[in-house]
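Colleague: Data file coords.csv (CSV, C-alpha atoms and all ligand atoms) is appended below.
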```
chain,number,residue,atom,x,y,z
Y,1,MET,CA,9.4,6.6,3.0
Y,2,LYS,CA,8.5,9.9,1.5
Y,3,ILE,CA,6.4,12.2,3.7
Y,4,ALA,CA,4.9,15.5,2.6
Y,5,ILE,CA,4.5,18.3,5.2
Y,6,VAL,CA,1.4,20.0,3.8
Y,7,VAL,CA,1.0,23.7,4.6
Y,8,SER,CA,-2.7,24.3,4.3
Y,9,SER,CA,-3.2,28.0,4.8
Y,10,THR,CA,-2.6,30.5,2.0
Y,11,ARG,CA,-3.1,34.0,3.5
Y,12,PRO,CA,-0.2,36.4,2.7
Y,13,THR,CA,0.4,37.0,6.4
Y,14,ARG,CA,-0.2,33.3,7.5
Y,15,LYS,CA,1.7,31.5,10.2
Y,16,GLY,CA,1.3,28.2,8.3
Y,17,ARG,CA,4.6,28.4,6.3
Y,18,HIS,CA,6.6,29.0,9.5
Y,19,VAL,CA,4.9,26.0,11.2
Y,20,GLY,CA,5.7,23.9,8.2
Y,21,GLU,CA,9.4,24.9,8.4
Y,22,TRP,CA,9.5,24.1,12.1
Y,23,VAL,CA,8.1,20.6,11.4
Y,24,LEU,CA,10.6,20.1,8.6
Y,25,GLU,CA,13.5,21.1,10.9
Y,26,ASN,CA,12.4,18.9,13.7
Y,27,ALA,CA,11.4,15.8,11.7
Y,28,SER,CA,14.2,15.4,9.1
Y,29,SER,CA,16.7,13.2,10.9
Y,30,ARG,CA,14.8,9.9,10.4
Y,31,ASP,CA,14.4,6.8,8.3
Y,32,ALA,CA,12.2,8.9,5.9
Y,33,SER,CA,12.6,11.9,3.7
Y,34,PHE,CA,10.4,15.0,4.3
Y,35,ALA,CA,9.4,17.8,1.9
Y,36,LEU,CA,7.3,20.9,2.3
Y,37,VAL,CA,4.2,21.0,0.1
Y,38,ASP,CA,2.8,24.5,0.3
Y,39,LEU,CA,-0.8,24.8,-1.0
Y,40,ALA,CA,-0.1,28.5,-1.6
Y,41,GLU,CA,2.5,27.4,-4.2
Y,42,ILE,CA,0.4,24.5,-5.6
Y,43,ASN,CA,-2.3,27.1,-6.2
Y,44,LEU,CA,-5.1,24.8,-7.2
Y,45,PRO,CA,-8.2,26.5,-8.6
Y,46,LEU,CA,-11.5,25.8,-6.9
Y,47,LEU,CA,-12.5,22.2,-7.9
Y,48,SER,CA,-13.6,22.3,-11.6
Y,49,GLU,CA,-13.1,18.7,-12.7
Y,50,PRO,CA,-16.3,17.4,-14.4
Y,51,LYS,CA,-16.1,14.0,-12.7
Y,52,PRO,CA,-15.8,13.4,-9.0
Y,53,ALA,CA,-12.4,12.3,-8.0
Y,54,VAL,CA,-13.6,8.9,-6.8
Y,55,PHE,CA,-13.8,7.9,-10.5
Y,56,GLY,CA,-10.1,8.5,-10.7
Y,57,PRO,CA,-7.8,9.7,-13.6
Y,58,PRO,CA,-7.6,10.8,-16.3
Y,59,TYR,CA,-8.2,14.3,-15.1
Y,60,GLU,CA,-9.1,17.2,-17.4
Y,61,GLN,CA,-7.3,20.0,-15.7
Y,62,GLU,CA,-3.5,20.3,-15.9
Y,63,THR,CA,-3.5,21.6,-12.3
Y,64,THR,CA,-5.2,18.4,-11.2
Y,65,ARG,CA,-2.8,16.2,-13.1
Y,66,ALA,CA,0.2,17.9,-11.5
Y,67,TRP,CA,-1.4,17.6,-8.0
Y,68,SER,CA,-2.2,13.9,-8.6
Y,69,GLU,CA,1.4,13.2,-9.6
Y,70,ALA,CA,2.7,15.1,-6.5
Y,71,VAL,CA,0.4,13.3,-4.0
Y,72,ALA,CA,0.9,9.9,-5.6
Y,73,GLY,CA,4.6,10.2,-4.9
Y,74,TYR,CA,4.2,10.4,-1.1
Y,75,ASP,CA,3.7,7.5,1.4
Y,76,GLY,CA,2.3,9.8,4.1
Y,77,PHE,CA,1.4,13.3,5.1
Y,78,ILE,CA,1.8,15.7,8.0
Y,79,PHE,CA,-1.0,18.2,7.7
Y,80,VAL,CA,-0.1,21.6,9.1
Y,81,VAL,CA,-3.5,22.9,9.8
Y,82,PRO,CA,-4.9,26.1,11.5
Y,83,GLU,CA,-8.4,26.3,12.9
Y,84,TYR,CA,-10.7,28.5,10.8
Y,85,ASN,CA,-14.2,28.8,12.2
Y,86,HIS,CA,-13.8,25.6,14.1
Y,87,SER,CA,-12.8,23.6,11.0
Y,88,ILE,CA,-10.0,23.4,8.4
Y,89,PRO,CA,-9.0,26.1,5.9
Y,90,ALA,CA,-10.9,26.0,2.6
Y,91,PRO,CA,-7.7,25.5,0.5
Y,92,LEU,CA,-7.0,22.2,2.3
Y,93,LYS,CA,-10.6,20.9,1.8
Y,94,ASN,CA,-10.3,21.9,-1.9
Y,95,ALA,CA,-7.0,20.1,-2.3
Y,96,LEU,CA,-8.3,16.9,-0.6
Y,97,ASP,CA,-11.5,16.9,-2.7
Y,98,HIS,CA,-9.4,17.1,-5.9
Y,99,LEU,CA,-8.2,13.5,-5.6
Y,100,TYR,CA,-9.2,10.1,-4.2
Y,101,VAL,CA,-7.1,7.1,-5.3
Y,102,GLU,CA,-3.9,9.0,-4.6
Y,103,TRP,CA,-4.8,9.3,-0.9
Y,104,GLN,CA,-5.9,5.7,-0.4
Y,105,ASP,CA,-4.1,3.5,2.1
Y,106,LYS,CA,-1.6,6.1,3.2
Y,107,ALA,CA,-1.0,7.5,6.6
Y,108,ALA,CA,-1.3,11.0,8.1
Y,109,ALA,CA,-0.5,13.0,11.2
Y,110,PHE,CA,-1.3,16.6,12.3
Y,111,VAL,CA,0.4,19.7,13.5
Y,112,SER,CA,-2.5,22.1,14.3
Y,113,TYR,CA,-2.5,25.6,15.7
Y,114,GLY,CA,-5.1,28.2,16.9
Y,115,VAL,CA,-6.5,29.8,20.0
Y,116,ASP,CA,-7.3,26.3,21.4
Y,117,ASN,CA,-4.4,24.5,19.7
Y,118,GLY,CA,-6.5,24.0,16.5
Y,119,VAL,CA,-8.0,20.8,18.0
Y,120,ARG,CA,-11.4,21.2,16.4
Y,121,ALA,CA,-9.8,21.5,12.9
Y,122,VAL,CA,-8.0,18.2,13.5
Y,123,GLU,CA,-11.2,16.5,14.6
Y,124,HIS,CA,-12.9,17.6,11.4
Y,125,LEU,CA,-9.9,16.6,9.3
Y,126,ARG,CA,-9.9,13.1,10.8
Y,127,GLY,CA,-13.4,12.6,9.6
Y,128,ILE,CA,-12.6,13.8,6.1
Y,129,LEU,CA,-9.4,11.7,5.9
Y,130,SER,CA,-11.3,8.5,6.9
Y,131,GLU,CA,-13.5,9.0,3.9
Y,132,LEU,CA,-10.4,9.2,1.7
Y,133,GLY,CA,-8.9,6.0,3.1
Y,134,ILE,CA,-6.1,7.8,4.9
Y,135,ALA,CA,-5.1,6.3,8.3
Y,136,HIS,CA,-4.5,9.0,10.9
Y,137,VAL,CA,-2.2,8.3,13.8
Y,138,GLY,CA,-3.4,9.1,17.3
Y,139,PRO,CA,-0.7,11.4,18.6
Y,140,SER,CA,-0.8,14.9,17.3
Y,141,VAL,CA,0.9,18.2,18.0
Y,142,GLY,CA,-1.2,21.3,18.9
Y,143,LEU,CA,0.4,24.8,19.1
Y,144,SER,CA,-1.4,27.6,20.8
Y,145,LEU,CA,-1.0,31.2,19.7
Y,146,SER,CA,1.4,31.7,22.6
Y,147,ASP,CA,3.8,29.1,21.0
Y,148,PHE,CA,4.6,31.8,18.4
Y,149,ALA,CA,6.9,34.9,18.7
Y,150,ASP,CA,6.9,37.4,15.9
Y,151,GLY,CA,4.8,34.9,13.8
Y,152,VAL,CA,7.5,32.2,14.0
Y,153,VAL,CA,7.2,29.0,16.1
Y,154,SER,CA,8.9,29.4,19.5
Y,155,ALA,CA,7.4,26.1,20.9
Y,156,ASN,CA,9.0,24.5,23.9
Y,157,ASP,CA,10.9,21.2,24.1
Y,158,ARG,CA,7.6,19.4,25.2
Y,159,LYS,CA,6.1,20.3,21.8
Y,160,ALA,CA,9.2,19.1,19.9
Y,161,ALA,CA,9.1,15.9,21.9
Y,162,ALA,CA,5.4,15.4,21.0
Y,163,LEU,CA,6.4,16.0,17.4
Y,164,ASP,CA,9.0,13.3,17.7
Y,165,THR,CA,6.6,10.7,19.1
Y,166,MET,CA,4.0,11.5,16.4
Y,167,VAL,CA,6.5,11.3,13.5
Y,168,ASP,CA,7.9,7.9,14.8
Y,169,LYS,CA,4.3,6.6,14.7
Y,170,LEU,CA,3.7,8.1,11.3
Y,171,VAL,CA,6.8,6.6,9.7
Y,172,ALA,CA,5.9,3.1,11.1
Y,173,TRP,CA,2.4,3.4,9.7
Y,174,CYS,CA,3.6,4.6,6.3
Y,175,GLY,CA,5.8,1.5,6.1
Y,176,ALA,CA,3.0,-0.8,7.1
Y,177,LEU,CA,0.5,0.7,4.6
Y,178,ALA,CA,3.0,0.7,1.8
Y,179,THR,CA,2.9,-3.1,1.8
Y,180,LEU,CA,-0.9,-3.0,1.6
Y,181,ARG,CA,-0.8,-0.7,-1.5
Y,182,VAL,CA,1.6,-3.0,-3.3
Y,183,SER,CA,-0.4,-6.2,-2.6
Y,184,SER,CA,-3.8,-4.7,-3.3
Y,185,ASP,CA,-2.9,-3.6,-6.8
Y,186,GLY,CA,-2.9,-6.6,-9.1
Y,187,ASN,CA,-1.7,-4.7,-12.1
Y,188,GLN,CA,1.4,-3.4,-10.5
Y,189,ASP,CA,4.8,-4.4,-11.7
Y,190,ARG,CA,6.6,-7.0,-9.5
Y,191,PRO,CA,7.6,-4.9,-6.4
Y,192,ARG,CA,11.0,-4.5,-5.0
Y,193,LEU,CA,10.4,-5.1,-1.3
Y,194,GLY,CA,13.6,-3.9,0.3
Y,195,SER,CA,17.2,-2.8,-0.3
Y,196,ASP,CA,20.3,-5.0,0.1
Y,197,HIS,CA,22.5,-4.4,3.0
Y,198,LEU,CA,20.6,-1.5,4.5
Y,199,ASP,CA,22.4,-0.4,7.6
Y,200,ARG,CA,19.3,-0.9,9.8
Y,201,ALA,CA,18.7,-4.4,8.4
Y,202,LYS,CA,22.3,-5.4,9.1
Y,203,ALA,CA,22.1,-4.0,12.6
Y,204,ALA,CA,19.1,-6.1,13.4
Y,205,ALA,CA,20.7,-9.2,12.0
Y,206,GLU,CA,24.0,-8.5,13.8
Y,207,SER,CA,22.2,-8.3,17.2
Y,208,LEU,CA,20.8,-11.8,16.5
Y,209,ILE,CA,24.1,-13.4,15.3
Y,210,ALA,CA,26.0,-11.9,18.3
Y,211,GLU,CA,23.7,-13.9,20.6
Y,212,LEU,CA,23.9,-17.1,18.4
Y,213,GLN,CA,27.7,-16.8,18.5
Y,214,GLU,CA,27.8,-16.2,22.3
Y,215,GLY,CA,25.3,-19.1,22.8
Y,216,ILE,CA,27.2,-21.6,20.7
Y,217,ASP,CA,30.6,-20.5,22.2
Y,218,GLN,CA,29.3,-21.1,25.7
Y,219,GLY,CA,27.1,-24.1,24.8
Y,220,ASN,CA,24.2,-22.1,26.4
Y,221,ALA,CA,20.7,-22.3,24.9
Y,222,GLU,CA,19.4,-19.5,27.1
Y,223,VAL,CA,21.7,-17.1,25.3
Y,224,TYR,CA,21.3,-18.7,21.9
Y,225,ASN,CA,17.5,-18.5,22.0
Y,226,ARG,CA,17.3,-15.2,24.0
Y,227,HIS,CA,15.3,-13.3,21.3
Y,228,PHE,CA,13.4,-16.2,19.7
Y,229,ALA,CA,9.6,-15.3,19.7
Y,230,LEU,CA,7.2,-17.4,21.7
Y,231,ASP,CA,5.7,-18.7,18.4
Y,232,VAL,CA,9.0,-19.0,16.5
Y,233,MET,CA,8.9,-21.3,13.5
Y,234,TRP,CA,12.1,-23.2,12.9
Y,235,GLY,CA,13.1,-25.5,10.1
Y,236,ASN,CA,15.9,-27.9,11.0
Y,237,PRO,CA,18.4,-29.2,8.3
Y,238,ASN,CA,16.7,-32.6,8.2
Y,239,GLY,CA,13.3,-31.4,6.9
Y,240,GLY,CA,11.7,-31.1,10.3
Y,241,THR,CA,9.6,-28.1,11.5
Y,242,LEU,CA,9.6,-27.0,15.2
Y,243,LEU,CA,6.8,-24.8,16.3
Y,244,GLY,CA,7.3,-22.6,19.3
Y,245,TYR,CA,10.0,-21.5,21.7
Y,246,GLU,CA,9.4,-24.3,24.3
Y,247,GLU,CA,9.9,-27.1,21.8
Y,248,LEU,CA,12.9,-25.5,20.2
Y,249,HIS,CA,14.6,-24.5,23.5
Y,250,ALA,CA,14.5,-28.0,24.8
Y,251,ILE,CA,16.2,-29.3,21.6
Y,252,HIS,CA,18.7,-26.5,21.4
Y,253,GLY,CA,19.6,-27.1,25.1
Y,254,GLN,CA,20.4,-30.8,24.2
Y,255,LEU,CA,22.3,-29.9,20.9
Y,256,LEU,CA,24.4,-27.2,22.5
Y,257,SER,CA,25.4,-29.1,25.6
Y,258,ASP,CA,26.4,-32.0,23.3
Y,259,ASN,CA,28.4,-29.5,21.1
Y,260,VAL,CA,26.8,-31.1,18.0
Y,261,ALA,CA,27.8,-28.1,15.7
Y,262,GLY,CA,31.3,-27.8,17.0
Y,263,PRO,CA,33.3,-24.5,17.0
Y,264,SER,CA,31.6,-22.1,14.6
Y,265,ARG,CA,31.6,-18.6,13.2
Y,266,TYR,CA,28.4,-16.8,12.3
Y,267,GLU,CA,28.4,-14.2,9.5
Y,268,ILE,CA,25.7,-12.2,7.7
Y,269,VAL,CA,25.6,-12.9,3.9
Y,270,ALA,CA,22.7,-10.6,3.1
Y,271,ALA,CA,20.1,-8.7,5.0
Y,272,ARG,CA,17.1,-6.7,3.8
Y,273,LYS,CA,14.5,-4.6,5.5
Y,274,VAL,CA,11.4,-5.7,3.5
Y,275,ALA,CA,8.7,-3.8,5.5
Y,276,ALA,CA,8.5,-1.6,8.6
Y,277,ASP,CA,9.9,-3.6,11.4
Y,278,VAL,CA,10.6,-6.8,9.3
Y,279,VAL,CA,14.1,-7.9,8.3
Y,280,VAL,CA,15.1,-11.1,6.4
Y,281,ALA,CA,18.7,-12.2,6.7
Y,282,HIS,CA,20.8,-15.0,5.1
Y,283,VAL,CA,23.4,-16.1,7.7
Y,284,ARG,CA,26.3,-18.5,7.4
Y,285,ARG,CA,27.5,-20.7,10.2
Y,286,ALA,CA,30.9,-21.8,9.2
Y,287,ALA,CA,32.4,-24.8,11.1
Y,288,LEU,CA,35.9,-24.1,12.3
Y,289,ASP,CA,39.0,-26.3,12.8
Y,290,ALA,CA,40.8,-26.3,16.1
Y,291,SER,CA,42.9,-23.3,15.1
Y,292,GLY,CA,39.7,-21.2,14.2
Y,293,VAL,CA,40.0,-21.6,10.4
Y,294,ALA,CA,36.8,-22.3,8.5
Y,295,LEU,CA,36.6,-25.9,7.3
Y,296,ASP,CA,36.0,-26.7,3.6
Y,297,PRO,CA,32.4,-27.9,3.3
Y,298,ALA,CA,33.7,-30.9,1.3
Y,299,ASP,CA,35.8,-32.0,4.3
Y,300,ALA,CA,34.4,-35.1,6.1
Y,301,GLY,CA,32.9,-34.0,9.4
Y,302,ALA,CA,32.6,-30.3,8.4
Y,303,PHE,CA,29.1,-29.3,9.5
Y,304,SER,CA,28.4,-25.8,8.2
Y,305,GLU,CA,25.0,-24.3,7.6
Y,306,MET,CA,23.2,-21.5,5.8
Y,307,ALA,CA,20.2,-20.1,7.7
Y,308,LEU,CA,17.4,-17.8,6.5
Y,309,TYR,CA,16.0,-15.8,9.4
Y,310,VAL,CA,13.0,-13.5,9.6
Y,311,LEU,CA,13.2,-10.9,12.3
Y,312,VAL,CA,10.3,-8.7,13.6
Y,313,ARG,CA,10.7,-5.6,15.8
Y,314,ARG,CA,8.2,-5.2,18.7
Y,315,SER,CA,8.5,-2.2,21.1
Y,316,GLY,CA,12.0,-1.5,19.9
Y,317,GLN,CA,13.3,-5.1,20.2
Y,318,TRP,CA,14.1,-7.4,17.3
Y,319,TRP,CA,12.7,-11.0,17.7
Y,320,LEU,CA,13.2,-14.1,15.6
Y,321,ALA,CA,9.9,-15.0,14.0
Y,322,ALA,CA,11.3,-17.8,11.7
Y,323,GLY,CA,14.4,-19.6,10.7
Y,324,GLN,CA,15.4,-22.3,8.2
Y,325,ASN,CA,18.8,-24.1,8.4
Y,326,THR,CA,20.3,-25.9,5.5
Y,327,PRO,CA,23.6,-27.8,5.5
Y,328,ILE,CA,26.3,-26.5,3.2
Y,329,ALA,CA,27.5,-29.4,1.1
Y,330,PRO,CA,29.2,-29.8,-2.3
Y,331,MET,CA,26.6,-30.0,-5.2
K,1,LIG,C1,-10.9,33.0,8.8
K,1,LIG,C2,-10.3,32.7,10.1
K,1,LIG,C3,-11.1,32.0,11.1
K,1,LIG,C4,-10.5,31.7,12.3
K,1,LIG,N1,-11.2,30.9,13.2
K,1,LIG,C5,-10.6,30.5,14.3
K,1,LIG,C6,-11.3,29.5,15.1
K,1,LIG,O1,-12.4,29.2,14.9
K,1,LIG,N2,-10.7,29.1,16.2
K,1,LIG,C7,-9.4,29.4,16.5
K,1,LIG,O2,-8.8,29.0,17.5
K,1,LIG,N3,-8.7,30.3,15.8
K,1,LIG,C8,-9.3,30.9,14.7
K,1,LIG,N4,-8.6,31.7,13.9
K,1,LIG,C9,-7.3,32.1,14.3
K,1,LIG,C10,-6.3,31.3,13.5
K,1,LIG,O3,-6.2,30.0,14.1
K,1,LIG,C11,-4.9,32.0,13.6
K,1,LIG,O4,-5.1,33.3,13.0
K,1,LIG,C12,-3.9,31.2,12.7
K,1,LIG,O5,-2.7,31.9,12.7
K,1,LIG,C13,-4.4,31.1,11.3
K,1,LIG,O6,-3.5,30.3,10.5
K,1,LIG,P1,-2.6,31.0,9.4
K,1,LIG,O7,-1.9,32.2,10.0
K,1,LIG,O8,-1.7,30.0,8.9
K,1,LIG,O9,-3.6,31.5,8.3
K,1,LIG,C14,-9.2,32.1,12.6
K,1,LIG,C15,-8.5,32.8,11.7
K,1,LIG,C16,-9.0,33.1,10.4
K,1,LIG,C17,-8.2,33.8,9.4
```
Please go through the file and, once you have read it, give me the structure as structure tokens.
Ligand SMILES: Cc1cc2nc3c(=O)[nH]c(=O)nc-3n(C[C@H](O)[C@H](O)[C@H](O)COP(=O)(O)O)c2cc1C
Modeller:
Amino acid sequence: MKIAIVVSSTRPTRKGRHVGEWVLENASSRDASFALVDLAEINLPLLSEPKPAVFGPPYEQETTRAWSEAVAGYDGFIFVVPEYNHSIPAPLKNALDHLYVEWQDKAAAFVSYGVDNGVRAVEHLRGILSELGIAHVGPSVGLSLSDFADGVVSANDRKAAALDTMVDKLVAWCGALATLRVSSDGNQDRPRLGSDHLDRAKAAAESLIAELQEGIDQGNAEVYNRHFALDVMWGNPNGGTLLGYEELHAIHGQLLSDNVAGPSRYEIVAARKVAADVVVAHVRRAALDASGVALDPADAGAFSEMALYVLVRRSGQWWLAAGQNTPIAPM
């Protein structure tokens, strides 16, 4: 995820740039990259395109083309916004009005400042962003003028914690909306949905296979199924589909107590994070001989499987949404 921290005031003695730098320092250590986008440097003229932005590119002005390219490259925005006469600064309204499609189906959050924490500017900005198709997260950060010392942010830990909460939400929404942008554009090239072996994807899959391993070692379906969702969808190796935890748990209880699979070792073959909070993993269960060595799938009695699992994270916990098991057999 690429997130722009948009500094929206342009006065020579503005606080805005310092606020943007404070946001950058406190938001950088996440599953997203952050960059300052300073409207004073972008230096757009007052809107002078002949056609309203809703009609989309091509644009006549070189400045609009450069701004379009910059905004199109981001998945989300943190607007750093002071309150000017109970609303947002004119350079920000001008920058927003320049474009349309580039803002659509993206996410935003706000760090505001002013005598009353800049809250009225944020409320105005929410209305404008709704018209531009930008989803704005609920949590926001408001700095009062007493949160500054010598023009620089001296906000307390509470404000930094609020920023943390807000950025977590923003990153999650950016991921969710990115999937919407891909699927809504019929002319787009075939998308790459995730990266192979991302650390976070592997960590999610590892937490699942640790439970499968412990469950099979102990013959205990409670452990094996611990993080299977209530509506889990499960394809067994014989072409059957089991729907829901209750049905699956009863069958796993029987299979595990009968030790149908035998001694086994689970391992991750591939894992991908394909959307915010969604991981797919290909997992091997290798049947072992009595000394713990993996059996050759061609051996009579060797019952090894490949499984494709779909994991979904809810409230910080990964859950199994679906699984499909296939026996490994010589072609
Ligand atoms: C034109 C102008 C209008 C302002 N109006 C308000 C206002 O309505 N409410 C408020 O709380 N602060 C208001 N302020 C104070 C600003 O919020 C404060 O000066 C802030 O530092 C401005 O951001 P900047 O330094 O990045 O330009 C106003 C400041 C300016 C320059």
Colleague: Using all atoms listed in the file, what table do you get, as a tab-separated table, when you list each residue of chain Y with an atom no more than 6 Å from ligand LIG 1 (chain K), its nearest pair of atoms, and their distance in Å rounded to one decimal, rows by chain then rising number?
Modeller:
```
residue	atom	partner	partner_atom	distance
Y:Ser9	CA	K:LIG1	O8	4.8
Y:Arg11	CA	K:LIG1	O9	5.4
Y:Arg14	CA	K:LIG1	O7	3.2
Y:Lys15	CA	K:LIG1	O7	3.7
Y:Gly16	CA	K:LIG1	O8	3.5
Y:Pro82	CA	K:LIG1	O6	4.5
Y:Glu83	CA	K:LIG1	O3	4.5
Y:Tyr84	CA	K:LIG1	N1	3.4
Y:Asn85	CA	K:LIG1	O1	3.3
Y:His86	CA	K:LIG1	O1	3.9
Y:Tyr113	CA	K:LIG1	O3	6.0
Y:Gly114	CA	K:LIG1	O3	3.5
Y:Val115	CA	K:LIG1	O2	3.5
Y:Asp116	CA	K:LIG1	O2	5.0
Y:Gly118	CA	K:LIG1	O2	5.6
```
Colleague: For the selection just defined, write its residues with C-alpha atoms to a file, as an mmCIF file, keeping the file's coordinate frame.
Modeller:
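Done, and the output landed in part_39.cif:
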```cif
data_model
loop_
_atom_site.group_PDB
_atom_site.id
_atom_site.type_symbol
_atom_site.label_atom_id
_atom_site.label_comp_id
_atom_site.auth_asym_id
_atom_site.auth_seq_id
_atom_site.Cartn_x
_atom_site.Cartn_y
_atom_site.Cartn_z
ATOM 1 C CA SER Y 9 -3.200 28.000 4.800
ATOM 2 C CA ARG Y 11 -3.100 34.000 3.500
ATOM 3 C CA ARG Y 14 -0.200 33.300 7.500
ATOM 4 C CA LYS Y 15 1.700 31.500 10.200
ATOM 5 C CA GLY Y 16 1.300 28.200 8.300
ATOM 6 C CA PRO Y 82 -4.900 26.100 11.500
ATOM 7 C CA GLU Y 83 -8.400 26.300 12.900
ATOM 8 C CA TYR Y 84 -10.700 28.500 10.800
ATOM 9 C CA ASN Y 85 -14.200 28.800 12.200
ATOM 10 C CA HIS Y 86 -13.800 25.600 14.100
ATOM 11 C CA TYR Y 113 -2.500 25.600 15.700
ATOM 12 C CA GLY Y 114 -5.100 28.200 16.900
ATOM 13 C CA VAL Y 115 -6.500 29.800 20.000
ATOM 14 C CA ASP Y 116 -7.300 26.300 21.400
ATOM 15 C CA GLY Y 118 -6.500 24.000 16.500
#
```
Colleague: Counting all atoms listed in the file, which residues of region 249-302 of chain Y sit at most 12 Å from some atom of region 166-174 of chain Y, and what is each one's closest atom pair with its distance in Å to one decimal, listed by chain and rising residue number, as JSON lines?
Modeller:
```
{"residue": "Y:Ala275", "atom": "CA", "partner": "Y:Ala172", "partner_atom": "CA", "distance": 9.3}
{"residue": "Y:Ala276", "atom": "CA", "partner": "Y:Ala172", "partner_atom": "CA", "distance": 5.9}
{"residue": "Y:Asp277", "atom": "CA", "partner": "Y:Ala172", "partner_atom": "CA", "distance": 7.8}
{"residue": "Y:Val278", "atom": "CA", "partner": "Y:Ala172", "partner_atom": "CA", "distance": 11.1}
```
Colleague: For each of Y:Gly76, Y:Ala155, Y:Ala135, Y:Lys106, take the minimum atom-to-atom distance to Val23 (chain Y), counting only C-alpha atoms, then give the residue where this is smallest.
Modeller: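 Closest residue, counting only C-alpha atoms: Y:Ala155.
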Colleague: Rank Y:His252, Y:Ser144, Y:Val71, Y:Asp105 by their smallest atom-to-atom distance to Ser130 (chain Y), using all atoms listed in the file, and report the top residue only.
Modeller: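 Among the listed residues, Y:Asp105 lies closest to Ser130 (chain Y).
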Colleague: Just want the 10 Å neighbourhood of Asn225 (chain Y), counted on all atoms listed in the file, with same-chain residues fewer than 3 positions away dropped. Output as a PyMOL selection string.
Modeller: chain Y and resi 208+211-212+215+220-222+228-229+245+248-249+252-253+319-320
Colleague: For CA of Ile216 (chain Y) and CA of Ala261 (chain Y), quote the distance in Å rounded to one decimal.
Modeller: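 According to the coordinates, CA of Ile216 (chain Y) and CA of Ala261 (chain Y) are separated by 8.2 Å.
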Colleague: Find the spatial neighbours of Gly235 (chain Y), counting all atoms listed in the file, within a cut-off of 6 Å - ignore same-chain residues fewer than 4 positions away - and output them as a list of chain:residue names.
Modeller: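 Counting only the stated atoms, we get Y:Gly240, Y:Thr241, Y:Gln324.
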Colleague: Excluding same-chain residues fewer than 2 positions from Met306 (chain Y), what lies within 12 Å of it counting only C-alpha atoms, as an NGL selection string?
Modeller: :Y and (235-237 or 265-270 or 281-287 or 297 or 303-304 or 308-309 or 323-329)
Colleague: For a quick check of understanding, using all atoms listed in the file, which of Y:Asp258, Y:Asp289, Y:Glu123, Y:Glu41 has the smallest distance to Pro12 (chain Y)?
Modeller: Y:Glu41
Colleague: For each of Y:Val153, Y:Val122, Y:Ile42, Y:Leu311, take the minimum atom-to-atom distance to Glu25 (chain Y), counting only C-alpha atoms, then give the residue where this is smallest.
Modeller: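 Among the listed residues, Y:Val153 lies closest to Glu25 (chain Y).
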Colleague: Write out as JSON, numbers by chain each polymer residue whose atoms come within 12 Å of Pro45 (chain Y), counting all atoms listed in the file; drop sequence neighbours fewer than 2 positions from it.
Modeller: {"Y": [39, 40, 41, 42, 43, 47, 48, 49, 61, 62, 63, 64, 67, 90, 91, 92, 94, 95, 97, 98]}
Colleague: To one decimal in Å, tell me the separation between CA of Val119 (chain Y) and CA of Pro89 (chain Y).
Modeller: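 If I compute the distance from CA of Val119 (chain Y) to CA of Pro89 (chain Y), I get 13.2 Å.
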Colleague: I'd like the neighbourhood of Phe34 (chain Y) as a list in words, where a residue qualifies if any of its atoms comes within 9 Å (using only C-alpha atoms), though same-chain residues fewer than 5 positions away should be ignored.
Modeller: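 The residues satisfying every condition are Met1, Lys2, Ile3, Ala4, Ile5, Leu24, Ala27 and Ser28 of chain Y.
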Colleague: Could the residues in this selection be written to a file with C-alpha atoms, as a PDB file, keeping the file's coordinate frame?
Modeller:
```
ATOM      1  CA  MET Y   1       9.400   6.600   3.000  1.00  0.00           C
ATOM      2  CA  LYS Y   2       8.500   9.900   1.500  1.00  0.00           C
ATOM      3  CA  ILE Y   3       6.400  12.200   3.700  1.00  0.00           C
ATOM      4  CA  ALA Y   4       4.900  15.500   2.600  1.00  0.00           C
ATOM      5  CA  ILE Y   5       4.500  18.300   5.200  1.00  0.00           C
ATOM      6  CA  LEU Y  24      10.600  20.100   8.600  1.00  0.00           C
ATOM      7  CA  ALA Y  27      11.400  15.800  11.700  1.00  0.00           C
ATOM      8  CA  SER Y  28      14.200  15.400   9.100  1.00  0.00           C
TER       9      SER Y  28
END
```
Colleague: Between Y:Val19, Y:Val312, Y:Ala298, Y:Ala72, which is the closest to Ala204 (chain Y) once you count all atoms listed in the file?
Modeller: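 With all atoms listed in the file as the atom set, the closest residue is Y:Val312.
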Colleague: Can you measure CA of Leu243 (chain Y) to CA of Ala205 (chain Y) for me? One decimal in Å is fine.
Modeller: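 These two atoms are separated by 21.3 Å.
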Colleague: Let me make sure I understand: among Y:Asp296, Y:Glu214, Y:Glu206, Y:Glu246, which one has the smallest atom-to-atom distance to Trp318 (chain Y) if we use all atoms listed in the file?
Modeller: Y:Glu206
